[in-house]
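Visitor: Take a look at this one; I'll ask things after.
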Amino acid sequence: MPEISLLLPSVLQPLAGGQPVLTTPADGPVTVGHLLDAVAADYAVLGRRLRDETGALRRFVNIYVGGDEVRRLQGLETEVVPGQEVLVIQSVAGG
């Protein structure tokens, strides 16, 4: 079955059992929200780091589909097709 890949930055990989890439089967397009639901089902702590208690993306989490940040597309309703990669980038503050 075709899959969608979620690429994680090194800072989030420990929350996914050390894996840099998580995959989920998909036999058709799914939304980013559905993909994150699937991730949270297996890795609850990671799910809470990506989305807040209302289900919205946290401010410091950026998700890219096809090189575009989902907030500039349809947000969590952005569709992802099998074979596509979804990139998670967590903002880092410091000074």
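Labels for the structure tokens follow display order: chains A, B, ..., residues from 1 in each chain, ligands from 1.
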Taking 6 positions as the minimum chain separation for residues in the same chain, which residues sit within 12 Å of Ala56 of chain A when counting only C-alpha atoms? Answer as an mmCIF file with N, CA and C atoms, in the first residue's frame.
Guide:
data_model
loop_
_atom_site.group_PDB
_atom_site.id
_atom_site.type_symbol
_atom_site.label_atom_id
_atom_site.label_comp_id
_atom_site.auth_asym_id
_atom_site.auth_seq_id
_atom_site.Cartn_x
_atom_site.Cartn_y
_atom_site.Cartn_z
ATOM 1 N N VAL A 32 -3.548 16.923 6.228
ATOM 2 C CA VAL A 32 -2.463 17.013 7.208
ATOM 3 C C VAL A 32 -3.008 16.701 8.595
ATOM 4 N N GLY A 33 -4.218 17.176 8.895
ATOM 5 C CA GLY A 33 -4.838 16.881 10.190
ATOM 6 C C GLY A 33 -5.002 15.392 10.414
ATOM 7 N N LEU A 36 -1.624 13.886 11.162
ATOM 8 C CA LEU A 36 -1.202 14.158 12.535
ATOM 9 C C LEU A 36 -2.004 13.340 13.541
ATOM 10 N N ASP A 37 -3.277 13.081 13.242
ATOM 11 C CA ASP A 37 -4.074 12.196 14.103
ATOM 12 C C ASP A 37 -3.465 10.804 14.147
ATOM 13 N N GLY A 47 2.396 14.003 19.340
ATOM 14 C CA GLY A 47 1.172 14.663 18.914
ATOM 15 C C GLY A 47 0.899 15.927 19.708
ATOM 16 N N ARG A 48 1.148 15.884 21.017
ATOM 17 C CA ARG A 48 0.930 17.053 21.865
ATOM 18 C C ARG A 48 1.965 18.144 21.619
ATOM 19 N N ARG A 49 3.138 17.773 21.146
ATOM 20 C CA ARG A 49 4.165 18.780 20.814
ATOM 21 C C ARG A 49 3.858 19.482 19.497
ATOM 22 N N LEU A 50 3.098 18.808 18.626
ATOM 23 C CA LEU A 50 2.773 19.391 17.329
ATOM 24 C C LEU A 50 1.509 20.243 17.364
ATOM 25 N N ASN A 62 6.127 24.308 12.244
ATOM 26 C CA ASN A 62 5.837 24.592 10.840
ATOM 27 C C ASN A 62 5.837 23.274 10.084
ATOM 28 N N VAL A 70 1.957 24.853 5.430
ATOM 29 C CA VAL A 70 0.518 24.594 5.371
ATOM 30 C C VAL A 70 -0.325 25.774 5.825
ATOM 31 N N ARG A 71 0.209 26.650 6.662
ATOM 32 C CA ARG A 71 -0.565 27.829 7.074
ATOM 33 C C ARG A 71 -0.847 28.742 5.881
ATOM 34 N N GLY A 75 -4.083 25.019 5.739
ATOM 35 C CA GLY A 75 -3.853 24.625 7.125
ATOM 36 C C GLY A 75 -3.922 23.120 7.288
ATOM 37 N N LEU A 76 -4.586 22.667 8.321
ATOM 38 C CA LEU A 76 -4.688 21.227 8.590
ATOM 39 C C LEU A 76 -5.548 20.511 7.562
ATOM 40 N N GLU A 77 -6.284 21.255 6.749
ATOM 41 C CA GLU A 77 -7.101 20.666 5.679
ATOM 42 C C GLU A 77 -6.311 20.488 4.384
#
Visitor: Hey, what does DSSP flag as helix (DSSP H, G or I) within chain A? Can you give it to me as an mmCIF file with all heavy atoms, in the first residue's frame?
Guide:
data_model
loop_
_atom_site.group_PDB
_atom_site.id
_atom_site.type_symbol
_atom_site.label_atom_id
_atom_site.label_comp_id
_atom_site.auth_asym_id
_atom_site.auth_seq_id
_atom_site.Cartn_x
_atom_site.Cartn_y
_atom_site.Cartn_z
ATOM 1 N N GLN A 13 12.683 13.701 17.187
ATOM 2 C CA GLN A 13 12.859 12.271 16.950
ATOM 3 C C GLN A 13 12.790 11.416 18.214
ATOM 4 O O GLN A 13 12.221 10.328 18.172
ATOM 5 C CB GLN A 13 14.160 12.021 16.187
ATOM 6 C CG GLN A 13 14.089 12.525 14.764
ATOM 7 C CD GLN A 13 15.409 12.451 14.034
ATOM 8 O OE1 GLN A 13 16.341 11.768 14.469
ATOM 9 N NE2 GLN A 13 15.506 13.150 12.911
ATOM 10 N N PRO A 14 13.304 11.871 19.376
ATOM 11 C CA PRO A 14 13.166 11.043 20.581
ATOM 12 C C PRO A 14 11.710 10.765 20.950
ATOM 13 O O PRO A 14 11.408 9.751 21.579
ATOM 14 C CB PRO A 14 13.868 11.875 21.661
ATOM 15 C CG PRO A 14 14.848 12.717 20.910
ATOM 16 C CD PRO A 14 14.164 13.036 19.613
ATOM 17 N N LEU A 15 10.798 11.653 20.563
ATOM 18 C CA LEU A 15 9.383 11.467 20.870
ATOM 19 C C LEU A 15 8.719 10.467 19.930
ATOM 20 O O LEU A 15 7.569 10.092 20.125
ATOM 21 C CB LEU A 15 8.645 12.812 20.801
ATOM 22 C CG LEU A 15 9.204 13.906 21.707
ATOM 23 C CD1 LEU A 15 8.434 15.199 21.506
ATOM 24 C CD2 LEU A 15 9.176 13.470 23.159
ATOM 25 N N ALA A 16 9.465 10.050 18.903
ATOM 26 C CA ALA A 16 8.969 9.076 17.931
ATOM 27 C C ALA A 16 9.841 7.828 17.959
ATOM 28 O O ALA A 16 10.083 7.200 16.926
ATOM 29 C CB ALA A 16 8.944 9.685 16.533
ATOM 30 N N VAL A 32 -3.548 16.923 6.228
ATOM 31 C CA VAL A 32 -2.463 17.013 7.208
ATOM 32 C C VAL A 32 -3.008 16.701 8.595
ATOM 33 O O VAL A 32 -2.370 16.010 9.384
ATOM 34 C CB VAL A 32 -1.796 18.405 7.162
ATOM 35 C CG1 VAL A 32 -0.844 18.600 8.335
ATOM 36 C CG2 VAL A 32 -1.063 18.593 5.844
ATOM 37 N N GLY A 33 -4.218 17.176 8.895
ATOM 38 C CA GLY A 33 -4.838 16.881 10.190
ATOM 39 C C GLY A 33 -5.002 15.392 10.414
ATOM 40 O O GLY A 33 -4.721 14.883 11.507
ATOM 41 N N HIS A 34 -5.444 14.671 9.385
ATOM 42 C CA HIS A 34 -5.593 13.214 9.497
ATOM 43 C C HIS A 34 -4.236 12.555 9.724
ATOM 44 O O HIS A 34 -4.108 11.639 10.542
ATOM 45 C CB HIS A 34 -6.263 12.666 8.234
ATOM 46 C CG HIS A 34 -6.394 11.181 8.234
ATOM 47 N ND1 HIS A 34 -7.391 10.531 8.918
ATOM 48 C CD2 HIS A 34 -5.628 10.215 7.652
ATOM 49 C CE1 HIS A 34 -7.245 9.217 8.740
ATOM 50 N NE2 HIS A 34 -6.184 9.015 7.986
ATOM 51 N N LEU A 35 -3.232 13.027 9.015
ATOM 52 C CA LEU A 35 -1.881 12.489 9.184
ATOM 53 C C LEU A 35 -1.397 12.698 10.615
ATOM 54 O O LEU A 35 -0.850 11.786 11.239
ATOM 55 C CB LEU A 35 -0.935 13.153 8.185
ATOM 56 C CG LEU A 35 0.530 12.750 8.238
ATOM 57 C CD1 LEU A 35 0.708 11.277 7.933
ATOM 58 C CD2 LEU A 35 1.341 13.597 7.281
ATOM 59 N N LEU A 36 -1.624 13.886 11.162
ATOM 60 C CA LEU A 36 -1.202 14.158 12.535
ATOM 61 C C LEU A 36 -2.004 13.340 13.541
ATOM 62 O O LEU A 36 -1.473 12.942 14.577
ATOM 63 C CB LEU A 36 -1.301 15.648 12.837
ATOM 64 C CG LEU A 36 -0.354 16.548 12.034
ATOM 65 C CD1 LEU A 36 -0.532 18.000 12.442
ATOM 66 C CD2 LEU A 36 1.091 16.112 12.154
ATOM 67 N N ASP A 37 -3.277 13.081 13.242
ATOM 68 C CA ASP A 37 -4.074 12.196 14.103
ATOM 69 C C ASP A 37 -3.465 10.804 14.147
ATOM 70 O O ASP A 37 -3.378 10.186 15.206
ATOM 71 C CB ASP A 37 -5.518 12.100 13.605
ATOM 72 C CG ASP A 37 -6.320 13.364 13.824
ATOM 73 O OD1 ASP A 37 -5.898 14.212 14.649
ATOM 74 O OD2 ASP A 37 -7.365 13.510 13.160
ATOM 75 N N ALA A 38 -3.033 10.297 12.989
ATOM 76 C CA ALA A 38 -2.431 8.970 12.916
ATOM 77 C C ALA A 38 -1.121 8.925 13.704
ATOM 78 O O ALA A 38 -0.846 7.954 14.415
ATOM 79 C CB ALA A 38 -2.186 8.577 11.446
ATOM 80 N N VAL A 39 -0.331 9.992 13.601
ATOM 81 C CA VAL A 39 0.927 10.068 14.352
ATOM 82 C C VAL A 39 0.644 10.094 15.853
ATOM 83 O O VAL A 39 1.279 9.390 16.633
ATOM 84 C CB VAL A 39 1.741 11.310 13.920
ATOM 85 C CG1 VAL A 39 2.867 11.602 14.883
ATOM 86 C CG2 VAL A 39 2.267 11.118 12.507
ATOM 87 N N ALA A 40 -0.332 10.901 16.263
ATOM 88 C CA ALA A 40 -0.663 11.027 17.682
ATOM 89 C C ALA A 40 -1.196 9.719 18.258
ATOM 90 O O ALA A 40 -1.019 9.448 19.446
ATOM 91 C CB ALA A 40 -1.666 12.152 17.891
ATOM 92 N N ALA A 41 -1.839 8.908 17.432
ATOM 93 C CA ALA A 41 -2.354 7.632 17.909
ATOM 94 C C ALA A 41 -1.204 6.710 18.335
ATOM 95 O O ALA A 41 -1.342 5.944 19.286
ATOM 96 C CB ALA A 41 -3.195 6.961 16.823
ATOM 97 N N ASP A 42 -0.078 6.792 17.638
ATOM 98 C CA ASP A 42 1.078 5.952 17.961
ATOM 99 C C ASP A 42 2.066 6.632 18.901
ATOM 100 O O ASP A 42 2.782 5.965 19.648
ATOM 101 C CB ASP A 42 1.810 5.548 16.680
ATOM 102 C CG ASP A 42 1.003 4.586 15.832
ATOM 103 O OD1 ASP A 42 0.174 3.837 16.395
ATOM 104 O OD2 ASP A 42 1.195 4.592 14.601
ATOM 105 N N ALA A 44 1.708 9.708 21.314
ATOM 106 C CA ALA A 44 0.870 10.741 21.931
ATOM 107 C C ALA A 44 1.661 11.981 22.342
ATOM 108 O O ALA A 44 1.199 13.105 22.144
ATOM 109 C CB ALA A 44 0.129 10.163 23.134
ATOM 110 N N VAL A 45 2.843 11.798 22.899
ATOM 111 C CA VAL A 45 3.640 12.946 23.339
ATOM 112 C C VAL A 45 4.051 13.787 22.132
ATOM 113 O O VAL A 45 3.987 15.019 22.169
ATOM 114 C CB VAL A 45 4.870 12.500 24.163
ATOM 115 C CG1 VAL A 45 5.748 13.689 24.513
ATOM 116 C CG2 VAL A 45 4.420 11.784 25.424
ATOM 117 N N LEU A 46 4.430 13.143 21.047
ATOM 118 C CA LEU A 46 4.768 13.867 19.821
ATOM 119 C C LEU A 46 3.548 14.632 19.319
ATOM 120 O O LEU A 46 3.653 15.800 18.939
ATOM 121 C CB LEU A 46 5.273 12.906 18.748
ATOM 122 C CG LEU A 46 5.564 13.533 17.377
ATOM 123 C CD1 LEU A 46 6.634 14.611 17.482
ATOM 124 C CD2 LEU A 46 5.968 12.451 16.387
ATOM 125 N N GLY A 47 2.396 14.003 19.340
ATOM 126 C CA GLY A 47 1.172 14.663 18.914
ATOM 127 C C GLY A 47 0.899 15.927 19.708
ATOM 128 O O GLY A 47 0.496 16.958 19.148
ATOM 129 N N ARG A 48 1.148 15.884 21.017
ATOM 130 C CA ARG A 48 0.930 17.053 21.865
ATOM 131 C C ARG A 48 1.965 18.144 21.619
ATOM 132 O O ARG A 48 1.702 19.316 21.870
ATOM 133 C CB ARG A 48 0.905 16.650 23.336
ATOM 134 C CG ARG A 48 -0.359 15.875 23.701
ATOM 135 C CD ARG A 48 -0.529 15.701 25.203
ATOM 136 N NE ARG A 48 0.563 14.994 25.854
ATOM 137 C CZ ARG A 48 0.632 13.677 26.007
ATOM 138 N NH1 ARG A 48 -0.332 12.902 25.544
ATOM 139 N NH2 ARG A 48 1.660 13.115 26.617
ATOM 140 N N ARG A 49 3.138 17.773 21.146
ATOM 141 C CA ARG A 49 4.165 18.780 20.814
ATOM 142 C C ARG A 49 3.858 19.482 19.497
ATOM 143 O O ARG A 49 4.301 20.607 19.278
ATOM 144 C CB ARG A 49 5.543 18.130 20.716
ATOM 145 C CG ARG A 49 6.150 17.744 22.024
ATOM 146 C CD ARG A 49 6.686 18.908 22.850
ATOM 147 N NE ARG A 49 7.814 19.574 22.261
ATOM 148 C CZ ARG A 49 9.077 19.242 22.447
ATOM 149 N NH1 ARG A 49 9.377 18.217 23.224
ATOM 150 N NH2 ARG A 49 10.041 19.916 21.878
ATOM 151 N N LEU A 50 3.098 18.808 18.626
ATOM 152 C CA LEU A 50 2.773 19.391 17.329
ATOM 153 C C LEU A 50 1.509 20.243 17.364
ATOM 154 O O LEU A 50 1.428 21.263 16.682
ATOM 155 C CB LEU A 50 2.617 18.288 16.275
ATOM 156 C CG LEU A 50 3.850 17.427 16.024
ATOM 157 C CD1 LEU A 50 3.534 16.332 15.020
ATOM 158 C CD2 LEU A 50 5.024 18.274 15.550
ATOM 159 N N VAL A 70 1.957 24.853 5.430
ATOM 160 C CA VAL A 70 0.518 24.594 5.371
ATOM 161 C C VAL A 70 -0.325 25.774 5.825
ATOM 162 O O VAL A 70 -1.475 25.902 5.393
ATOM 163 C CB VAL A 70 0.111 23.310 6.136
ATOM 164 C CG1 VAL A 70 0.750 22.086 5.510
ATOM 165 C CG2 VAL A 70 0.412 23.406 7.613
ATOM 166 N N ARG A 71 0.209 26.650 6.662
ATOM 167 C CA ARG A 71 -0.565 27.829 7.074
ATOM 168 C C ARG A 71 -0.847 28.742 5.881
ATOM 169 O O ARG A 71 -1.792 29.509 5.898
ATOM 170 C CB ARG A 71 0.165 28.597 8.170
ATOM 171 C CG ARG A 71 0.140 27.893 9.516
ATOM 172 C CD ARG A 71 0.782 28.765 10.595
ATOM 173 N NE ARG A 71 0.787 28.102 11.876
ATOM 174 C CZ ARG A 71 1.796 27.372 12.345
ATOM 175 N NH1 ARG A 71 2.883 27.199 11.618
ATOM 176 N NH2 ARG A 71 1.715 26.805 13.532
ATOM 177 N N ARG A 72 -0.015 28.662 4.856
ATOM 178 C CA ARG A 72 -0.207 29.464 3.643
ATOM 179 C C ARG A 72 -1.071 28.725 2.620
ATOM 180 O O ARG A 72 -1.395 29.269 1.576
ATOM 181 C CB ARG A 72 1.134 29.826 3.028
ATOM 182 C CG ARG A 72 1.988 30.654 3.961
ATOM 183 C CD ARG A 72 3.342 30.940 3.344
ATOM 184 N NE ARG A 72 4.268 31.433 4.333
ATOM 185 C CZ ARG A 72 4.475 32.712 4.587
ATOM 186 N NH1 ARG A 72 3.805 33.620 3.925
ATOM 187 N NH2 ARG A 72 5.350 33.066 5.494
ATOM 188 N N GLY A 75 -4.083 25.019 5.739
ATOM 189 C CA GLY A 75 -3.853 24.625 7.125
ATOM 190 C C GLY A 75 -3.922 23.120 7.288
ATOM 191 O O GLY A 75 -3.408 22.361 6.449
ATOM 192 N N LEU A 76 -4.586 22.667 8.321
ATOM 193 C CA LEU A 76 -4.688 21.227 8.590
ATOM 194 C C LEU A 76 -5.548 20.511 7.562
ATOM 195 O O LEU A 76 -5.540 19.288 7.495
ATOM 196 C CB LEU A 76 -5.226 20.989 10.002
ATOM 197 C CG LEU A 76 -4.300 21.447 11.136
ATOM 198 C CD1 LEU A 76 -4.984 21.270 12.478
ATOM 199 C CD2 LEU A 76 -2.980 20.696 11.102
ATOM 200 N N GLU A 77 -6.284 21.255 6.749
ATOM 201 C CA GLU A 77 -7.101 20.666 5.679
ATOM 202 C C GLU A 77 -6.311 20.488 4.384
ATOM 203 O O GLU A 77 -6.851 19.992 3.387
ATOM 204 C CB GLU A 77 -8.345 21.515 5.427
ATOM 205 C CG GLU A 77 -9.299 21.539 6.612
ATOM 206 C CD GLU A 77 -9.778 20.139 7.001
ATOM 207 O OE1 GLU A 77 -10.172 19.368 6.111
ATOM 208 O OE2 GLU A 77 -9.762 19.828 8.207
#
Visitor: Quick one: pull the distance between atom CA of Thr78 of chain A and atom CA of Gly18 of chain A, Å, one decimal.
Guide: 26.7 Å
Visitor: Which polymer residues have any atom within 10 Å of an atom of Gly28 of chain A, counting only C-alpha atoms, with same-chain residues fewer than 5 positions away left out, as a list in words?
Guide: Pro2, Glu3, Ile4, Glu79, Val80, Val81, Pro82 and Gly83 of chain A
Visitor: I need the strand (DSSP E) residues of chain A per DSSP on the backbone, written as a PyMOL selection string.
Guide: chain A and resi 3-7+21-25+30-31+61-65+68-69+79-80+85-90
